[in-house]
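Structure file work-v9.txt (compact mmCIF, C-alpha atoms) is printed below.
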```
# COMPACT_ATOMS: atom_id res chain seq x y z
CA MET A 1 0.00 0.00 0.00
CA ARG A 2 2.77 2.38 1.04
CA GLU A 3 4.75 1.43 -2.09
CA ASP A 4 1.63 2.16 -4.16
CA VAL A 5 1.38 5.64 -2.70
CA GLU A 6 5.06 6.22 -3.34
CA ALA A 7 4.76 4.93 -6.90
CA LEU A 8 1.90 7.37 -7.39
CA PHE A 9 4.04 10.23 -6.17
CA LEU A 10 6.98 9.17 -8.31
CA ARG A 11 4.68 9.15 -11.33
CA GLU A 12 3.42 12.59 -10.34
CA LEU A 13 6.98 13.88 -10.02
CA SER A 14 8.00 12.42 -13.37
CA ARG A 15 5.11 14.33 -14.96
CA LEU A 16 5.97 17.68 -13.38
CA ASN A 17 7.80 18.99 -16.43
CA SER A 18 5.89 17.13 -19.11
CA HIS A 19 4.32 20.41 -20.21
CA LEU A 20 7.66 21.75 -21.43
CA PRO A 21 8.39 21.91 -25.16
CA LYS A 22 10.46 19.17 -26.81
CA LYS A 23 12.55 21.89 -28.36
CA ARG A 24 12.32 25.62 -27.77
CA VAL A 25 11.98 27.86 -30.80
CA THR A 26 13.60 31.20 -31.57
CA LEU A 27 11.56 34.37 -31.78
CA ARG A 28 12.08 34.40 -35.57
CA GLU A 29 10.73 30.84 -35.87
CA ALA A 30 7.82 31.64 -33.53
CA LEU A 31 6.85 34.63 -35.66
CA GLN A 32 6.55 32.29 -38.66
CA ASN A 33 4.85 29.43 -36.82
CA PRO A 34 3.57 30.37 -33.35
CA GLU A 35 3.38 26.83 -32.02
CA VAL A 36 5.63 24.35 -30.19
CA GLU A 37 5.32 20.63 -29.63
CA LEU A 38 5.42 19.57 -26.00
CA ALA A 39 7.18 16.65 -24.35
CA ASP A 40 3.81 14.97 -23.67
CA GLY A 41 2.80 15.27 -27.31
CA GLY A 42 0.50 18.25 -26.90
CA LYS A 43 0.71 21.55 -28.74
CA HIS A 44 1.22 24.94 -27.13
CA ARG A 45 0.32 28.01 -29.12
CA PHE A 46 1.84 31.45 -28.62
CA ARG A 47 -0.51 34.41 -28.72
CA ARG A 48 0.15 36.66 -31.73
CA SER A 49 -0.30 39.85 -29.73
CA GLU A 50 2.40 38.76 -27.28
CA LEU A 51 4.79 37.90 -30.11
CA GLU A 52 4.20 41.33 -31.61
CA PHE A 53 4.89 42.92 -28.22
CA LEU A 54 8.14 40.96 -27.90
CA LYS A 55 9.08 41.81 -31.48
CA SER A 56 8.77 45.49 -30.68
CA LEU A 57 10.95 45.03 -27.60
CA VAL A 58 13.79 42.92 -29.00
CA PRO A 59 16.19 44.21 -31.70
CA GLU A 60 16.12 42.10 -34.86
CA GLU A 61 19.69 40.80 -34.40
CA GLU A 62 18.53 39.05 -31.21
CA TRP A 63 15.54 37.27 -32.79
CA ASP A 64 17.66 34.18 -33.42
CA SER A 65 19.10 33.97 -29.91
CA LEU A 66 15.91 34.49 -27.90
CA ARG A 67 14.34 31.07 -27.32
CA LEU A 68 10.67 30.68 -26.53
CA PRO A 69 8.95 29.98 -24.24
CA VAL A 70 11.11 31.78 -21.71
CA LEU A 71 11.52 29.34 -18.83
CA ILE A 72 10.83 30.49 -15.29
CA GLU A 73 12.87 28.04 -13.26
CA LEU A 74 11.37 27.18 -9.89
CA ASP A 75 14.00 25.69 -7.63
CA PRO A 76 13.23 24.89 -3.98
CA LYS A 77 16.88 25.72 -3.21
CA LEU A 78 16.19 29.36 -4.07
CA GLY A 79 13.49 29.48 -1.43
CA ARG A 80 9.73 29.67 -1.81
CA GLY A 81 8.46 32.32 -4.20
CA ALA A 82 11.77 32.81 -6.00
CA ALA A 83 12.59 31.83 -9.56
CA ARG A 84 15.50 31.97 -11.95
CA ILE A 85 15.78 33.00 -15.59
CA ARG A 86 18.73 31.68 -17.57
CA GLY A 87 20.07 32.60 -20.98
CA ALA A 88 21.58 35.93 -22.01
CA ALA A 89 18.88 36.98 -24.48
CA GLU A 90 16.07 35.76 -22.19
CA CYS A 91 17.48 37.66 -19.20
CA ARG A 92 17.86 40.82 -21.28
CA VAL A 93 14.26 40.79 -22.44
CA VAL A 94 12.87 39.93 -18.99
CA ALA A 95 14.98 42.68 -17.40
CA ARG A 96 13.62 45.12 -19.97
CA ILE A 97 10.00 44.11 -19.30
CA LEU A 98 10.37 44.30 -15.53
CA GLY A 99 12.66 47.33 -15.51
CA LYS A 100 15.42 45.41 -13.73
CA GLU A 101 19.15 45.57 -14.08
CA GLU A 102 20.44 43.26 -16.85
CA LYS A 103 22.44 40.30 -15.55
CA PRO A 104 23.52 36.97 -17.08
CA GLU A 105 21.14 35.21 -14.68
CA LEU A 106 18.08 36.82 -13.15
CA ILE A 107 16.40 35.96 -9.87
CA LEU A 108 12.73 36.93 -9.76
CA TYR A 109 10.35 37.10 -6.81
CA LEU A 110 6.60 36.52 -6.68
CA PRO A 111 5.37 40.02 -7.67
CA GLU A 112 7.84 40.07 -10.57
CA ILE A 113 6.87 36.56 -11.69
CA SER A 114 3.24 37.59 -11.53
CA GLU A 115 3.94 40.73 -13.61
CA LEU A 116 5.94 38.77 -16.17
CA ARG A 117 3.26 36.07 -16.47
CA GLY A 118 0.61 38.78 -16.76
CA LYS A 119 2.45 40.37 -19.71
CA LEU A 120 3.60 37.19 -21.45
CA PRO A 121 1.27 34.34 -20.38
CA THR A 122 1.87 32.17 -23.44
CA LEU A 123 5.51 33.08 -24.04
CA THR A 124 6.70 32.09 -20.57
CA ASP A 125 6.49 28.72 -18.87
CA TYR A 126 7.35 27.26 -15.48
CA PHE A 127 10.13 24.74 -15.17
CA LEU A 128 10.48 22.80 -11.91
CA THR A 129 13.95 21.73 -10.93
CA ALA A 130 15.50 20.27 -7.79
CA MET B 1 4.05 3.64 15.83
CA THR B 2 3.39 -0.13 15.78
CA LYS B 3 0.98 0.36 12.90
CA ALA B 4 3.57 2.27 10.90
CA VAL B 5 6.34 -0.26 11.43
CA SER B 6 4.51 -3.52 10.84
CA GLY B 7 6.33 -5.73 8.31
CA ILE B 8 9.57 -3.79 8.52
CA SER B 9 12.75 -5.62 9.41
CA PRO B 10 14.97 -3.53 11.69
CA THR B 11 18.21 -3.78 9.74
CA ARG B 12 20.81 -1.19 8.89
CA MET B 13 20.18 -1.71 5.16
CA GLU B 14 16.47 -1.00 5.67
CA LEU B 15 17.34 2.15 7.59
CA ILE B 16 19.56 3.41 4.76
CA ARG B 17 16.80 2.65 2.25
CA LEU B 18 14.24 4.46 4.39
CA ARG B 19 16.45 7.53 4.70
CA GLN B 20 16.76 7.63 0.90
CA ARG B 21 12.97 7.38 0.59
CA ILE B 22 12.52 10.21 3.10
CA ALA B 23 14.95 12.42 1.14
CA LEU B 24 13.07 11.66 -2.08
CA ALA B 25 9.68 12.32 -0.49
CA GLN B 26 10.98 15.58 0.95
CA LYS B 27 12.28 16.67 -2.45
CA GLY B 28 8.96 15.73 -4.05
CA HIS B 29 7.12 17.67 -1.39
CA ASP B 30 9.23 20.78 -2.04
CA LEU B 31 8.66 20.54 -5.79
CA LEU B 32 4.92 20.03 -5.43
CA GLU B 33 4.80 22.96 -3.05
CA GLU B 34 6.48 25.11 -5.70
CA LYS B 35 3.93 23.87 -8.23
CA ARG B 36 1.07 24.65 -5.86
CA ASP B 37 2.38 28.18 -5.24
CA ALA B 38 2.77 28.83 -8.96
CA LEU B 39 -0.74 27.49 -9.66
CA MET B 40 -2.15 29.64 -6.88
CA MET B 41 -0.49 32.71 -8.37
CA GLU B 42 -1.92 31.92 -11.80
CA PHE B 43 -5.33 31.26 -10.28
CA LEU B 44 -5.40 34.57 -8.39
CA GLY B 45 -4.13 36.46 -11.45
CA LEU B 46 -6.90 34.98 -13.59
CA VAL B 47 -9.56 35.66 -10.95
CA ARG B 48 -8.42 39.30 -10.78
CA ARG B 49 -8.59 39.60 -14.58
CA ILE B 50 -12.04 37.96 -14.64
CA ARG B 51 -13.32 40.38 -12.02
CA GLU B 52 -12.11 43.40 -14.02
CA LEU B 53 -13.37 42.04 -17.32
CA SER B 54 -16.78 41.04 -15.90
CA LYS B 55 -17.31 44.55 -14.58
CA GLU B 56 -16.32 46.04 -17.93
CA THR B 57 -18.43 43.55 -19.93
CA PHE B 58 -21.57 43.94 -17.85
CA GLY B 59 -21.18 47.73 -18.06
CA ARG B 60 -20.97 47.46 -21.83
CA LEU B 61 -23.92 45.06 -22.01
CA SER B 62 -26.12 47.34 -19.94
CA GLU B 63 -25.14 50.25 -22.21
CA ALA B 64 -26.00 48.08 -25.22
CA HIS B 65 -29.39 47.22 -23.73
CA ARG B 66 -30.06 50.89 -23.01
CA LYS B 67 -29.30 51.71 -26.63
CA LEU B 68 -31.50 48.82 -27.76
CA SER B 69 -34.42 50.29 -25.77
CA TYR B 70 -33.92 53.68 -27.48
CA CYS B 71 -33.71 51.94 -30.80
CA MET B 72 -36.93 50.02 -30.23
CA ALA B 73 -38.65 53.21 -29.14
CA TRP B 74 -37.41 55.06 -32.24
CA MET B 75 -37.79 52.37 -34.91
CA GLY B 76 -40.52 50.27 -33.34
CA SER B 77 -40.21 46.78 -31.83
CA ALA B 78 -41.32 44.92 -34.94
CA GLU B 79 -38.83 46.73 -37.22
CA THR B 80 -35.97 46.19 -34.76
CA LEU B 81 -36.84 42.51 -34.49
CA GLN B 82 -37.00 42.29 -38.29
CA ALA B 83 -33.51 43.85 -38.56
CA THR B 84 -32.07 41.35 -36.06
CA LEU B 85 -33.58 38.47 -38.03
CA GLU B 86 -31.99 39.82 -41.21
CA SER B 87 -28.53 40.27 -39.73
CA ARG B 88 -25.74 37.71 -40.21
CA LYS B 89 -25.09 35.70 -37.06
CA GLU B 90 -21.95 33.70 -37.76
CA LEU B 91 -18.83 34.47 -35.74
CA LYS B 92 -15.41 33.11 -36.68
CA LEU B 93 -13.20 32.12 -33.75
CA GLU B 94 -9.77 30.55 -33.70
CA ILE B 95 -9.61 28.24 -30.69
CA SER B 96 -6.31 26.63 -29.77
CA THR B 97 -4.71 25.45 -26.53
CA ARG B 98 -2.00 26.64 -24.24
CA PHE B 99 -0.56 25.07 -21.13
CA ILE B 100 -0.22 26.58 -17.67
CA MET B 101 1.90 24.26 -15.49
CA GLY B 102 0.70 21.26 -17.42
CA VAL B 103 -2.95 22.34 -17.34
CA LYS B 104 -4.44 22.51 -20.80
CA VAL B 105 -6.48 25.68 -21.17
CA PRO B 106 -8.31 27.00 -24.21
CA MET B 107 -7.09 30.07 -26.03
CA VAL B 108 -9.42 32.13 -28.18
CA GLU B 109 -7.74 34.22 -30.83
CA GLY B 110 -8.73 36.29 -33.79
CA VAL B 111 -12.07 37.39 -32.35
CA ARG B 112 -13.31 39.97 -34.83
CA THR B 113 -16.83 40.74 -33.77
CA GLU B 114 -17.04 44.33 -34.92
CA ARG B 115 -18.52 44.76 -38.37
CA ASN B 116 -19.55 47.71 -40.45
CA PRO B 117 -23.30 48.23 -41.13
CA VAL B 118 -23.01 46.69 -44.61
CA GLN B 119 -21.43 43.49 -43.24
CA ARG B 120 -24.22 43.10 -40.67
CA GLY B 121 -26.72 42.25 -43.36
CA TYR B 122 -29.84 44.19 -42.38
CA SER B 123 -31.43 46.75 -44.63
CA LEU B 124 -29.85 50.17 -44.32
CA HIS B 125 -32.87 51.91 -45.84
CA THR B 126 -35.33 50.86 -43.18
CA SER B 127 -33.05 50.98 -40.14
CA SER B 128 -31.86 53.94 -38.11
CA ALA B 129 -28.33 54.95 -37.11
CA LEU B 130 -29.33 54.04 -33.56
CA LEU B 131 -29.50 50.40 -34.63
CA ASP B 132 -25.91 50.62 -35.94
CA GLU B 133 -24.72 52.04 -32.63
CA THR B 134 -26.62 49.34 -30.69
CA SER B 135 -25.16 46.59 -32.87
CA ALA B 136 -21.63 47.96 -32.48
CA GLU B 137 -22.05 48.04 -28.71
CA PHE B 138 -23.29 44.41 -28.63
CA GLU B 139 -20.44 43.33 -30.91
CA ARG B 140 -17.87 44.89 -28.61
CA ALA B 141 -19.51 43.16 -25.63
CA LEU B 142 -19.43 39.85 -27.52
CA ALA B 143 -15.64 40.06 -27.95
CA GLN B 144 -15.29 40.59 -24.24
CA LEU B 145 -17.67 37.70 -23.50
CA CYS B 146 -15.43 35.41 -25.58
CA GLU B 147 -12.40 36.45 -23.54
CA LEU B 148 -14.41 36.02 -20.35
CA ALA B 149 -15.41 32.48 -21.38
CA GLU B 150 -11.76 31.62 -22.09
CA LEU B 151 -10.63 32.94 -18.72
CA SER B 152 -13.48 31.26 -16.82
CA GLU B 153 -12.62 27.87 -18.30
CA ALA B 154 -8.92 28.41 -17.54
CA VAL B 155 -9.70 29.31 -13.93
CA ARG B 156 -11.95 26.25 -13.55
CA ARG B 157 -9.27 23.88 -14.86
CA ILE B 158 -6.49 25.50 -12.82
CA GLY B 159 -8.72 25.31 -9.73
CA LEU B 160 -9.11 21.56 -10.20
CA GLU B 161 -5.36 21.06 -10.68
CA LEU B 162 -4.67 23.27 -7.67
CA GLU B 163 -6.96 21.14 -5.54
CA ARG B 164 -5.25 17.96 -6.75
CA THR B 165 -1.78 19.34 -6.05
CA ARG B 166 -2.84 20.60 -2.63
CA ARG B 167 -4.09 17.10 -1.74
CA ARG B 168 -0.78 15.56 -2.89
CA VAL B 169 1.26 18.07 -0.88
CA ASN B 170 -0.85 17.44 2.22
CA ALA B 171 -0.63 13.66 1.81
CA LEU B 172 3.16 13.89 1.62
CA GLU B 173 3.41 16.38 4.46
CA TYR B 174 0.98 14.81 6.91
CA ILE B 175 0.94 11.09 6.02
CA LEU B 176 3.81 9.70 3.95
CA ILE B 177 6.78 11.65 5.34
CA PRO B 178 5.73 11.29 9.03
CA GLN B 179 5.15 7.54 8.47
CA LEU B 180 8.56 7.08 6.87
CA LYS B 181 10.18 9.12 9.62
CA SER B 182 8.49 7.09 12.34
CA MET B 183 9.63 3.87 10.62
CA ALA B 184 13.20 5.17 10.44
CA ALA B 185 13.05 6.23 14.09
CA PHE B 186 11.75 2.78 15.05
CA ILE B 187 14.55 0.99 13.19
CA ALA B 188 17.18 3.33 14.64
CA PHE B 189 15.74 2.64 18.11
CA ARG B 190 15.74 -1.15 17.53
CA LEU B 191 19.32 -1.08 16.22
CA ASP B 192 20.44 0.88 19.30
CA GLU B 193 18.63 -1.65 21.49
CA MET B 194 20.34 -4.54 19.73
CA GLU B 195 23.71 -2.83 20.10
CA ARG B 196 23.10 -2.32 23.82
CA ASP B 197 22.01 -5.99 24.12
CA ASN B 198 25.20 -7.12 22.46
CA PHE B 199 27.31 -4.87 24.63
CA VAL B 200 25.74 -6.22 27.83
CA ARG B 201 26.00 -9.80 26.55
CA LEU B 202 29.68 -9.35 25.76
CA LYS B 203 30.32 -7.80 29.17
CA ARG B 204 28.62 -10.72 30.89
CA ILE B 205 30.57 -13.25 28.84
CA LYS B 206 33.78 -11.39 29.65
CA ALA B 207 32.87 -11.37 33.38
CA MET B 208 32.04 -15.11 33.25
CA LEU B 209 35.32 -15.88 31.53
CA GLU B 210 37.25 -13.79 34.09
CA ARG B 211 35.43 -15.53 36.95
CA ARG B 212 36.20 -18.91 35.42
CA GLU B 213 39.88 -17.99 34.93
CA GLY B 214 40.04 -16.65 38.54
CA GLY B 215 38.45 -19.92 39.88
CA ALA B 216 40.92 -22.07 37.99
```

In structure tokens, how does this file's structure come out?
Amino acid sequence: MREDVEALFLRELSRLNSHLPKKRVTLREALQNPEVELADGGKHRFRRSELEFLKSLVPEEEWDSLRLPVLIELDPKLGRGAARIRGAAECRVVARILGKEEKPELILYLPEISELRGKLPTLTDYFLTA
Amino acid sequence: MTKAVSGISPTRMELIRLRQRIALAQKGHDLLEEKRDALMMEFLGLVRRIRELSKETFGRLSEAHRKLSYCMAWMGSAETLQATLESRKELKLEISTRFIMGVKVPMVEGVRTERNPVQRGYSLHTSSALLDETSAEFERALAQLCELAELSEAVRRIGLELERTRRRVNALEYILIPQLKSMAAFIAFRLDEMERDNFVRLKRIKAMLERREGGA
């Protein structure tokens, strides 16, 4: 019985990141085809209006380096309510949206995550890591 | 404690295995807690947006109904009804999906509800400009209703997932981890007991041997 419960939890944990894309796409690719295939076989569609917003924010030379969706990394080691953004282009664009200082790795807190998700709900995604 | 430890052999190997299981359960608990917090944030954000949008939509609908009353008074009920029967009623929507923490939610895009009087289909000769204004107001409200439907469905699905995750977190926090910990504590206690038993046994054997050597 106890093993069953544990097996259930292990299955649950193995599914935690199944909503992530198989392969992230660049902004240029997303502008042509605003859709990514997910690890669980589903399809996630980016909203056109958000892509247009991002397009206006990012200079064209960075369209090939910015990968979407931008991953908001939730790591229990950072403490509850904190998240990390990795990737130079991703950090630059998030810093610009939130009005933060640009760094190679950004740490965000709940109000900032909420603001970012409010502005880019389909272009950002949570990624759980331990 | 006896209930939690039934069927467990108090060995050092079992203790090591249990400690690994506790560490894994703890890690799982932390991750699910993160997931629950993120879902809660999404849920509250959506509820806030729904509240704002509902207020705006109902305001617009009441304005549309007010204009409809004026229109009916000006054109007559029968003529207004005739115009609504003549108008085109199809609405093209692009419905796709997006994922919020693994929760599939619908996404409505390309909602173009606003039309010009010619596209609406009713006769322009027999209708008044008031009817155009009323129609435009209803069309704007319809776009907002589509967004409201999308958000309501998203909030319903996220609510269900939130409830599921909350139950998992609580089960880990209040049942599985305490049970594993109590089992580990029991085994550690039994191993200590066995070590003390051995120690006493060895001391007694040593004393017996000394007594025997002294007697001889």

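Taking CA of Ala95 (chain A) and CA of Pro59 (chain A) as the two end points, the separation is 14.4 Å.
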
Can you tell me how far CA of Leu51 (chain A) sits from CA of Phe127 (chain A), in Å to one decimal?
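Spanning CA of Leu51 (chain A) to CA of Phe127 (chain A) is a straight-line distance of 20.6 Å.
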
Asp125 (chain A) surroundings by only C-alpha atoms, 8 Å radius, close-in-sequence under 6 positions cut, as a ChimeraX atom specification:
/A:20,69-72 /B:100-101

Interatomic distance between CA of Leu145 (chain B) and CA of Phe46 (chain A)?
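Interatomic distance, CA of Leu145 (chain B) to CA of Phe46 (chain A): 21.1 Å.
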
Which of B:Glu90, B:Glu114, B:Glu139, B:Glu34 sits closest to chain A [using all atoms listed in the file]
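Smallest distance to chain A is found for B:Glu34.
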
Distance limit 7 Å, atoms considered: all atoms listed in the file. Which chain B residues sit that close to chain A? Return them as a short mmCIF file (atom, residue, chain, number, x, y, z; two decimals) with C-alpha atoms, keeping the file's coordinate frame.
```
data_model
loop_
_atom_site.label_atom_id
_atom_site.label_comp_id
_atom_site.auth_asym_id
_atom_site.auth_seq_id
_atom_site.Cartn_x
_atom_site.Cartn_y
_atom_site.Cartn_z
CA GLY B 28 8.96 15.73 -4.05
CA ASP B 30 9.23 20.78 -2.04
CA LEU B 31 8.66 20.54 -5.79
CA GLU B 34 6.48 25.11 -5.70
CA MET B 41 -0.49 32.71 -8.37
CA SER B 96 -6.31 26.63 -29.77
CA THR B 97 -4.71 25.45 -26.53
CA ARG B 98 -2.00 26.64 -24.24
CA PHE B 99 -0.56 25.07 -21.13
CA MET B 101 1.90 24.26 -15.49
CA GLY B 102 0.70 21.26 -17.42
#
```

Just the residues within 9 Å of Ser128 (chain B), please, counting all atoms listed in the file, with nothing from its chain fewer than 5 positions along; format it as a list of chain:residue names.
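That gives B:Cys71, B:Trp74, B:Met75.
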
Non-local contacts of Arg17 (chain B) (12 Å; only C-alpha atoms; under 5 positions in same chain excluded) as a PyMOL selection string
chain B and resi 8-12+22-24+180-181+183-184+187

For Lys22 (chain A), which residue among A:Lys103, A:Glu73, A:Glu37, A:Ile97 is the nearest when counting all atoms listed in the file?
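The closest residue to Lys22 (chain A) is A:Glu37.
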
Contacts of Thr134 (chain B) at 10 Å or less, counting all atoms listed in the file, minus same-chain residues fewer than 3 places along, as JSON, numbers by chain?
{"B": [63, 64, 65, 66, 67, 68, 69, 70, 71, 129, 130, 131, 137, 138, 139]}

I need the chosen residues saved as a JSON list (two decimals), keeping the file's coordinate frame, with C-alpha atoms.
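New file part_0.json:
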```
[["chain", "number", "residue", "atom", "x", "y", "z"],
["B", 63, "GLU", "CA", -25.14, 50.25, -22.21],
["B", 64, "ALA", "CA", -26.00, 48.08, -25.22],
["B", 65, "HIS", "CA", -29.39, 47.22, -23.73],
["B", 66, "ARG", "CA", -30.06, 50.89, -23.01],
["B", 67, "LYS", "CA", -29.30, 51.71, -26.63],
["B", 68, "LEU", "CA", -31.50, 48.82, -27.76],
["B", 69, "SER", "CA", -34.42, 50.29, -25.77],
["B", 70, "TYR", "CA", -33.92, 53.68, -27.48],
["B", 71, "CYS", "CA", -33.71, 51.94, -30.80],
["B", 129, "ALA", "CA", -28.33, 54.95, -37.11],
["B", 130, "LEU", "CA", -29.33, 54.04, -33.56],
["B", 131, "LEU", "CA", -29.50, 50.40, -34.63],
["B", 137, "GLU", "CA", -22.05, 48.04, -28.71],
["B", 138, "PHE", "CA", -23.29, 44.41, -28.63],
["B", 139, "GLU", "CA", -20.44, 43.33, -30.91]]
```

Applying 9 Å and all atoms listed in the file, which residues near Arg49 (chain B) remain after dropping the ones on its own chain fewer than 5 positions away? List them as a list of chain:residue names.
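Neighbouring residues, sequence-local ones excluded: B:Leu44, B:Ser54, B:Leu148, B:Leu151.
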
Listed atoms of region 28-45 of chain B, axis-aligned box, 5 Å per side: centre and edge lengths to one decimal in Å, as JSON?
```
{"center_x": 1.9, "center_y": 26.1, "center_z": -6.6, "size_x": 24.6, "size_y": 30.7, "size_z": 20.4}
```

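Proximity to Glu52 (chain A) was assessed for A:Arg11, A:Leu120, A:Ile107, A:Lys23 counting all atoms listed in the file; the smallest distance is recorded for A:Leu120.
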
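Of the listed residues A:Ala7, A:Leu57, A:Leu98, A:Leu66, the one whose atoms come nearest to Ala30 (chain A) is A:Leu66, with distances taken using all atoms listed in the file.
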